[in-house]
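Chemist: Structure file start08.tsv, TSV, C-alpha atoms and all ligand atoms, is pasted below:
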```
chain	number	residue	atom	x	y	z
A	461	MET	CA	125.75	-54.58	-51.92
A	462	LYS	CA	124.67	-56.09	-55.24
A	463	LEU	CA	121.82	-58.56	-54.87
A	464	LEU	CA	120.79	-61.47	-57.04
A	465	PHE	CA	117.20	-62.76	-57.10
A	466	GLY	CA	116.45	-66.14	-58.66
A	467	LEU	CA	114.93	-69.58	-58.33
A	468	LEU	CA	116.08	-71.65	-55.37
A	469	THR	CA	118.54	-74.29	-56.59
A	470	PRO	CA	120.06	-77.32	-54.80
A	471	ASP	CA	123.56	-75.78	-54.67
A	472	MET	CA	122.35	-72.93	-52.37
A	473	ASP	CA	122.99	-73.21	-48.63
A	474	ARG	CA	119.53	-73.39	-47.06
A	475	ASN	CA	120.57	-74.60	-43.61
A	476	GLY	CA	122.47	-71.43	-42.67
A	477	PHE	CA	119.28	-69.36	-42.98
A	478	THR	CA	117.67	-68.10	-39.76
A	479	CYS	CA	115.12	-65.28	-39.59
A	480	GLY	CA	113.70	-65.48	-36.06
A	481	GLU	CA	110.56	-67.35	-37.12
A	482	PRO	CA	111.29	-71.08	-36.66
A	483	ALA	CA	108.46	-72.14	-38.97
A	484	LEU	CA	109.90	-70.09	-41.84
A	485	ASP	CA	113.44	-71.37	-41.19
A	486	ALA	CA	112.17	-74.97	-41.12
A	487	TYR	CA	110.25	-74.38	-44.33
A	488	LEU	CA	113.39	-73.29	-46.18
A	489	HIS	CA	115.56	-76.02	-44.63
A	490	LYS	CA	113.19	-78.94	-45.18
A	491	GLN	CA	110.20	-78.20	-47.38
A	492	ALA	CA	111.04	-75.57	-49.99
A	493	GLY	CA	112.91	-77.88	-52.38
A	494	GLN	CA	110.12	-80.41	-52.33
A	495	ASP	CA	107.45	-77.74	-52.88
A	496	MET	CA	109.37	-76.58	-55.96
A	497	ARG	CA	109.72	-80.08	-57.37
A	498	ARG	CA	106.06	-80.93	-56.82
A	499	GLY	CA	104.66	-77.68	-58.19
A	500	PHE	CA	103.29	-76.35	-54.91
A	501	ALA	CA	105.39	-73.19	-54.80
A	502	THR	CA	107.99	-71.25	-56.72
A	503	VAL	CA	110.73	-70.31	-54.26
A	504	ILE	CA	112.82	-67.24	-55.07
A	505	ALA	CA	116.01	-66.65	-53.13
A	506	ALA	CA	117.98	-63.41	-52.66
A	507	ARG	CA	121.75	-63.67	-52.45
A	508	GLU	CA	124.66	-61.27	-52.49
A	509	GLU	CA	126.63	-61.35	-55.73
A	510	ALA	CA	129.80	-61.82	-53.66
A	511	SER	CA	128.44	-65.05	-52.01
A	512	PRO	CA	125.92	-66.45	-54.47
A	513	ASN	CA	125.29	-69.69	-52.53
A	514	LYS	CA	124.31	-67.99	-49.28
A	515	ILE	CA	120.58	-67.26	-49.03
A	516	ILE	CA	119.80	-63.95	-47.34
A	517	GLY	CA	116.09	-63.85	-48.10
A	518	PHE	CA	113.36	-65.80	-49.84
A	519	TYR	CA	109.71	-65.78	-50.78
A	520	THR	CA	107.23	-68.21	-52.29
A	521	LEU	CA	104.71	-67.65	-55.08
A	522	SER	CA	101.80	-69.94	-55.96
A	523	ALA	CA	98.71	-69.80	-58.13
A	524	ALA	CA	95.55	-69.20	-56.09
A	525	SER	CA	91.97	-68.09	-56.32
A	526	ILE	CA	89.55	-66.29	-54.05
A	527	LEU	CA	85.79	-65.94	-53.98
A	528	LEU	CA	84.55	-62.82	-55.74
A	529	THR	CA	82.40	-62.15	-52.67
A	530	SER	CA	85.47	-61.89	-50.42
A	531	LEU	CA	86.54	-58.65	-52.16
A	532	PRO	CA	85.07	-55.28	-51.16
A	533	GLU	CA	81.86	-54.53	-53.08
A	534	ASP	CA	83.22	-51.55	-55.01
A	535	THR	CA	86.09	-53.70	-56.38
A	536	ALA	CA	83.96	-56.79	-57.02
A	537	ARG	CA	81.39	-54.71	-58.93
A	538	LYS	CA	84.02	-53.89	-61.58
A	539	MET	CA	84.94	-57.56	-62.12
A	540	PRO	CA	83.23	-60.22	-64.26
A	541	ARG	CA	80.55	-62.22	-62.43
A	542	TYR	CA	82.66	-65.38	-62.17
A	543	PRO	CA	82.37	-66.99	-58.74
A	544	SER	CA	86.12	-66.99	-58.20
A	545	VAL	CA	88.90	-64.56	-59.03
A	546	PRO	CA	92.30	-65.83	-60.26
A	547	ALA	CA	95.13	-64.77	-57.98
A	548	ILE	CA	98.81	-65.15	-57.16
A	549	ARG	CA	99.80	-65.75	-53.56
A	550	LEU	CA	103.02	-64.66	-51.87
A	551	GLY	CA	102.75	-67.23	-49.09
A	552	ARG	CA	106.04	-66.95	-47.24
A	553	LEU	CA	108.61	-64.17	-46.99
A	554	ALA	CA	111.67	-63.94	-44.77
A	555	VAL	CA	115.05	-62.22	-44.52
A	556	THR	CA	117.91	-63.78	-42.54
A	557	SER	CA	118.39	-61.98	-39.19
A	558	ALA	CA	121.73	-60.31	-39.95
A	559	PHE	CA	120.24	-58.60	-43.03
A	560	GLN	CA	116.88	-57.46	-41.62
A	561	GLY	CA	116.11	-53.74	-41.66
A	562	GLN	CA	118.16	-53.14	-44.83
A	563	HIS	CA	115.16	-53.06	-47.19
A	564	ILE	CA	115.78	-56.57	-48.51
A	565	GLY	CA	112.27	-57.63	-47.45
A	566	SER	CA	110.88	-54.70	-49.43
A	567	LEU	CA	112.98	-55.61	-52.46
A	568	LEU	CA	111.71	-59.19	-52.24
A	569	VAL	CA	108.09	-57.97	-52.26
A	570	LEU	CA	108.81	-55.75	-55.28
A	571	ASP	CA	110.59	-58.61	-57.05
A	572	ALA	CA	107.55	-60.83	-56.40
A	573	LEU	CA	105.16	-58.21	-57.83
A	574	HIS	CA	107.41	-57.72	-60.82
A	575	ARG	CA	107.70	-61.46	-61.56
A	576	ALA	CA	103.95	-61.89	-61.20
A	577	CYS	CA	103.28	-58.99	-63.59
A	578	CYS	CA	105.78	-60.24	-66.19
A	579	ASN	CA	104.29	-63.71	-66.14
A	580	GLU	CA	101.80	-64.66	-68.87
A	581	LEU	CA	99.59	-66.41	-66.34
A	582	ALA	CA	96.27	-64.58	-65.90
A	583	TRP	CA	95.56	-63.24	-62.44
A	584	ALA	CA	93.58	-60.31	-61.12
A	585	VAL	CA	94.53	-60.10	-57.47
A	586	PHE	CA	97.87	-60.46	-55.65
A	587	LEU	CA	97.54	-62.02	-52.19
A	588	VAL	CA	99.93	-62.03	-49.25
A	589	ASP	CA	99.69	-64.14	-46.11
A	590	ALA	CA	101.07	-62.49	-42.99
A	591	LYS	CA	102.06	-64.83	-40.20
A	592	LYS	CA	101.55	-62.18	-37.52
A	593	GLU	CA	100.11	-58.71	-37.04
A	594	LYS	CA	103.62	-57.18	-37.37
A	595	ALA	CA	104.02	-58.75	-40.80
A	596	ALA	CA	100.60	-57.44	-41.84
A	597	VAL	CA	101.75	-53.93	-40.88
A	598	PHE	CA	104.87	-54.45	-43.03
A	599	TYR	CA	102.65	-55.34	-46.03
A	600	GLU	CA	100.34	-52.36	-45.43
A	601	LYS	CA	103.33	-50.12	-46.18
A	602	PHE	CA	102.95	-51.28	-49.80
A	603	LEU	CA	99.22	-50.42	-49.69
A	604	PHE	CA	98.06	-54.02	-49.51
A	605	GLN	CA	94.53	-54.08	-48.04
A	606	ARG	CA	93.30	-56.48	-45.38
A	607	PHE	CA	90.38	-58.81	-46.04
A	608	GLU	CA	87.43	-58.08	-43.78
A	609	GLU	CA	87.16	-61.70	-42.65
A	610	HIS	CA	90.87	-62.63	-42.49
A	611	LYS	CA	92.87	-59.75	-41.10
A	612	LEU	CA	96.23	-61.48	-41.68
A	613	GLN	CA	95.55	-61.99	-45.37
A	614	LEU	CA	95.95	-58.95	-47.57
A	615	TRP	CA	95.38	-58.23	-51.24
A	616	MET	CA	96.23	-55.83	-54.04
A	617	HIS	CA	94.61	-55.36	-57.46
A	618	ARG	CA	96.74	-56.30	-60.48
A	619	LYS	CA	96.76	-52.70	-61.78
A	620	GLN	CA	98.17	-51.44	-58.50
A	621	ALA	CA	100.76	-54.26	-58.40
A	622	LYS	CA	101.88	-53.35	-61.89
A	623	SER	CA	102.37	-49.66	-61.21
A	624	LEU	CA	104.03	-50.30	-57.86
A	625	SER	CA	106.50	-52.81	-59.26
A	626	HIS	CA	107.35	-50.58	-62.24
A	627	CYS	CA	107.78	-47.26	-60.52
A	628	MET	CA	109.58	-48.61	-57.48
A	629	LEU	CA	111.97	-50.86	-59.39
A	630	LYS	CA	112.93	-47.86	-61.50
A	631	LYS	CA	113.72	-45.84	-58.36
A	632	LEU	CA	115.89	-48.51	-56.70
A	701	LIG	C1	109.30	-59.04	-42.12
A	701	LIG	C2	110.63	-59.07	-42.89
A	701	LIG	C3	110.51	-59.95	-44.11
A	701	LIG	C4	110.92	-57.63	-43.33
A	701	LIG	O1	112.13	-57.61	-44.06
A	701	LIG	P1	113.21	-56.47	-43.79
A	701	LIG	O2	114.24	-56.55	-44.85
A	701	LIG	O3	113.67	-56.57	-42.39
A	701	LIG	O4	112.30	-55.19	-43.94
A	701	LIG	P2	112.66	-53.81	-44.67
A	701	LIG	O5	114.01	-53.35	-44.25
A	701	LIG	O6	112.40	-53.93	-46.12
A	701	LIG	O7	111.54	-52.87	-44.02
A	701	LIG	C5	110.67	-52.07	-44.77
A	701	LIG	C6	109.81	-51.29	-43.85
A	701	LIG	O8	108.98	-52.16	-43.08
A	701	LIG	C7	109.24	-51.99	-41.67
A	701	LIG	N1	109.26	-53.33	-41.08
A	701	LIG	C8	110.18	-54.28	-41.25
A	701	LIG	N2	109.87	-55.36	-40.56
A	701	LIG	C9	108.73	-55.09	-39.93
A	701	LIG	C10	107.91	-55.81	-39.06
A	701	LIG	N3	108.19	-57.05	-38.68
A	701	LIG	N4	106.79	-55.19	-38.60
A	701	LIG	C11	106.46	-53.94	-38.97
A	701	LIG	N5	107.21	-53.21	-39.80
A	701	LIG	C12	108.32	-53.78	-40.27
A	701	LIG	C13	110.59	-51.31	-41.58
A	701	LIG	O9	110.68	-50.52	-40.41
A	701	LIG	C14	110.60	-50.47	-42.83
A	701	LIG	O10	109.89	-49.30	-42.66
A	701	LIG	P3	110.52	-47.91	-43.17
A	701	LIG	O11	110.74	-48.08	-44.66
A	701	LIG	O12	109.45	-46.92	-42.84
A	701	LIG	O13	111.79	-47.77	-42.41
A	701	LIG	C15	111.81	-59.56	-42.00
A	701	LIG	O14	111.93	-58.72	-40.91
A	701	LIG	C16	111.67	-60.99	-41.54
A	701	LIG	O15	112.08	-61.90	-42.22
A	701	LIG	N6	111.08	-61.21	-40.36
A	701	LIG	C17	110.93	-62.59	-39.82
A	701	LIG	C18	109.96	-63.41	-40.66
A	701	LIG	C19	108.61	-62.74	-40.86
A	701	LIG	O16	108.02	-62.20	-39.92
A	701	LIG	N7	108.08	-62.80	-42.08
A	701	LIG	C20	106.86	-62.07	-42.41
A	701	LIG	C21	106.14	-62.62	-43.55
A	701	LIG	S1	105.03	-63.93	-43.10
```
Can you present the structure in this file as structure tokens?

Modeler:
Amino acid sequence: MKLLFGLLTPDMDRNGFTCGEPALDAYLHKQAGQDMRRGFATVIAAREEASPNKIIGFYTLSAASILLTSLPEDTARKMPRYPSVPAIRLGRLAVTSAFQGQHIGSLLVLDALHRACCNELAWAVFLVDAKKEKAAVFYEKFLFQRFEEHKLQLWMHRKQAKSLSHCMLKKL
């Protein structure tokens, strides 16, 4: 199966997407296009080359920032003393039910890390929001770390994101 990853465009069929999480389905059906137009999120869709209008997975990326004090002390100590740390947030991630368990979710995470690392925008930390504990466990497989205060929000240092996206994209 050859996959295509790219910006969500109006010609793609959003309504056929269903992942088992109604809030994520509704987001893609109703909100994603507007978020793109208004600069609230970049939405990247995965499709099969054979049916390029059918969305089989998607994720969102947005600029973000976090308080320096929310990072573990040993990491924060190595950063400049600015009160906040520039970040990129992967806010939503979903794979349509029929394609789950085929590593498409993993490929979407790697694509997100890769896009973030290729971008000229400055950021030091990559954030992911997990909707549920199960999703947090999924992200831990990539060595994302949980925040002490918000166990469903996880983070990764830029350096780690860079090496992960490079070495894993080479392998796949
Ligand atoms: C979570 C989700 C994106 C994962 O995508 P996927 O393509 O099914 O996952 P992958 O096939 O890439 O799985 C990669 C690994 O994570 C594990 N995994 C997948 N989904 C998981 C879940 N919900 N909980 C825990 N582990 C999970 C797989 O077992 C696999 O482990 P392995 O490599 O040791 O076999 C997808 O199942 C989904 O869309 N779920 C509904 C929406 C959702 O919960 N989104 C979460 C983000 S908020």

Chemist: Using only C-alpha atoms, determine which residues lie at most 9 Å from Val569 of chain A, disregarding the query and same-chain residues fewer than 2 positions distant; provide the list as a list in words.

Modeler: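 After dropping sequence-adjacent residues, the list is Tyr519, Leu550, Leu553, Ile564, Gly565, Ser566, Leu567, Asp571, Ala572, Leu573, His574, Tyr599, Phe602 and Ser625 of chain A.
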
Chemist: Box for ligand LIG 701 (chain A) - axis-aligned, 5 Å on each of the six sides, all listed atoms - centre and size in Å to one decimal, as JSON.

Modeler:
```
{"center_x": 109.6, "center_y": -55.4, "center_z": -42.4, "size_x": 19.2, "size_y": 27.0, "size_z": 17.5}
```

Chemist: Counting all atoms listed in the file, which protein, DNA or RNA residues come within 8 Å of ligand LIG 701 (chain A), given as an MDAnalysis selection string?

Modeler: chainID A and resid 479:481 484 517 551:557 559:567 589:599 601

Chemist: Mind checking which residues fall within 10 Å of His489 of chain A, counting all atoms listed in the file, ignoring those fewer than 2 positions away in the same chain, and posting them as a PyMOL selection string?

Modeler: chain A and resi 473-478+483-487+491-493

Chemist: Would you output that residue set with C-alpha atoms, as a PDB file, in the coordinates of the input?

Modeler:
```pdb
ATOM      1  CA  ASP A 473     122.990 -73.210 -48.630  1.00  0.00           C
ATOM      2  CA  ARG A 474     119.530 -73.390 -47.060  1.00  0.00           C
ATOM      3  CA  ASN A 475     120.570 -74.600 -43.610  1.00  0.00           C
ATOM      4  CA  GLY A 476     122.470 -71.430 -42.670  1.00  0.00           C
ATOM      5  CA  PHE A 477     119.280 -69.360 -42.980  1.00  0.00           C
ATOM      6  CA  THR A 478     117.670 -68.100 -39.760  1.00  0.00           C
ATOM      7  CA  ALA A 483     108.460 -72.140 -38.970  1.00  0.00           C
ATOM      8  CA  LEU A 484     109.900 -70.090 -41.840  1.00  0.00           C
ATOM      9  CA  ASP A 485     113.440 -71.370 -41.190  1.00  0.00           C
ATOM     10  CA  ALA A 486     112.170 -74.970 -41.120  1.00  0.00           C
ATOM     11  CA  TYR A 487     110.250 -74.380 -44.330  1.00  0.00           C
ATOM     12  CA  GLN A 491     110.200 -78.200 -47.380  1.00  0.00           C
ATOM     13  CA  ALA A 492     111.040 -75.570 -49.990  1.00  0.00           C
ATOM     14  CA  GLY A 493     112.910 -77.880 -52.380  1.00  0.00           C
TER      15      GLY A 493
END
```

Chemist: What are the closest atom pairs, with distances in Å to one decimal, for each residue of segment 465-573 of chain A lying within 12 Å of segment 616-623 of chain A, using all atoms listed in the file, rows by chain and rising residue number, as JSON lines?

Modeler:
```
{"residue": "A:Leu531", "atom": "CA", "partner": "A:His617", "partner_atom": "CA", "distance": 10.2}
{"residue": "A:Pro532", "atom": "CA", "partner": "A:His617", "partner_atom": "CA", "distance": 11.4}
{"residue": "A:Thr535", "atom": "CA", "partner": "A:His617", "partner_atom": "CA", "distance": 8.7}
{"residue": "A:Ala536", "atom": "CA", "partner": "A:His617", "partner_atom": "CA", "distance": 10.8}
{"residue": "A:Lys538", "atom": "CA", "partner": "A:His617", "partner_atom": "CA", "distance": 11.5}
{"residue": "A:Met539", "atom": "CA", "partner": "A:His617", "partner_atom": "CA", "distance": 11.0}
{"residue": "A:Val545", "atom": "CA", "partner": "A:His617", "partner_atom": "CA", "distance": 10.9}
{"residue": "A:Pro546", "atom": "CA", "partner": "A:Arg618", "partner_atom": "CA", "distance": 10.5}
{"residue": "A:Ala547", "atom": "CA", "partner": "A:Arg618", "partner_atom": "CA", "distance": 9.0}
{"residue": "A:Ile548", "atom": "CA", "partner": "A:Arg618", "partner_atom": "CA", "distance": 9.7}
{"residue": "A:Arg549", "atom": "CA", "partner": "A:Met616", "partner_atom": "CA", "distance": 10.6}
{"residue": "A:Leu550", "atom": "CA", "partner": "A:Met616", "partner_atom": "CA", "distance": 11.3}
{"residue": "A:Val569", "atom": "CA", "partner": "A:Ala621", "partner_atom": "CA", "distance": 10.3}
{"residue": "A:Leu570", "atom": "CA", "partner": "A:Ala621", "partner_atom": "CA", "distance": 8.8}
{"residue": "A:Asp571", "atom": "CA", "partner": "A:Ala621", "partner_atom": "CA", "distance": 10.8}
{"residue": "A:Ala572", "atom": "CA", "partner": "A:Ala621", "partner_atom": "CA", "distance": 9.7}
{"residue": "A:Leu573", "atom": "CA", "partner": "A:Ala621", "partner_atom": "CA", "distance": 5.9}
```

Chemist: Which residues, written as an NGL selection string, have at least one atom at most 9 Å from Arg507 of chain A, with only C-alpha atoms counted and residues fewer than 3 positions away on the same chain left out?

Modeler: :A and (462-466 or 510-517)

Chemist: Write the residues you've just listed into a file as a PDB file, in the frame of the given file, and include C-alpha atoms for each of them.

Modeler:
```
ATOM      1  CA  LYS A 462     124.670 -56.090 -55.240  1.00  0.00           C
ATOM      2  CA  LEU A 463     121.820 -58.560 -54.870  1.00  0.00           C
ATOM      3  CA  LEU A 464     120.790 -61.470 -57.040  1.00  0.00           C
ATOM      4  CA  PHE A 465     117.200 -62.760 -57.100  1.00  0.00           C
ATOM      5  CA  GLY A 466     116.450 -66.140 -58.660  1.00  0.00           C
ATOM      6  CA  ALA A 510     129.800 -61.820 -53.660  1.00  0.00           C
ATOM      7  CA  SER A 511     128.440 -65.050 -52.010  1.00  0.00           C
ATOM      8  CA  PRO A 512     125.920 -66.450 -54.470  1.00  0.00           C
ATOM      9  CA  ASN A 513     125.290 -69.690 -52.530  1.00  0.00           C
ATOM     10  CA  LYS A 514     124.310 -67.990 -49.280  1.00  0.00           C
ATOM     11  CA  ILE A 515     120.580 -67.260 -49.030  1.00  0.00           C
ATOM     12  CA  ILE A 516     119.800 -63.950 -47.340  1.00  0.00           C
ATOM     13  CA  GLY A 517     116.090 -63.850 -48.100  1.00  0.00           C
TER      14      GLY A 517
END
```

Chemist: What is the distance between atom CA of Leu467 of chain A and atom CA of Phe518 of chain A, in Å to one decimal?

Modeler: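 Interatomic distance here is 9.4 Å.
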
Chemist: So the first atom is atom CA of Ser544 of chain A and the second is atom CA of Phe586 of chain A; what is the distance between them in Å, to one decimal place?

Modeler: 13.7 Å

Chemist: Closest to Leu587 of chain A among A:Phe604, A:Tyr542, A:Phe500, A:Trp615, using all atoms listed in the file?

Modeler: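 Among the listed residues, A:Trp615 lies closest to Leu587 of chain A.
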
Chemist: Please, what distance in Å, to one decimal, runs between atom CA of Ala576 of chain A and atom CA of Ser522 of chain A?

Modeler: 9.8 Å

Chemist: So, with only C-alpha atoms as the atoms that count, which of A:Leu521, A:Leu528, A:Ala558, A:Arg537 lies closest to Asn579 of chain A?

Modeler: A:Leu521

Chemist: Which of these, A:Ala524, A:Thr502, A:His626, A:Gln494, has the shortest distance to Cys577 of chain A once you count all atoms listed in the file?

Modeler: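 Residue with the minimum atom-to-atom distance to Cys577 of chain A: A:His626.
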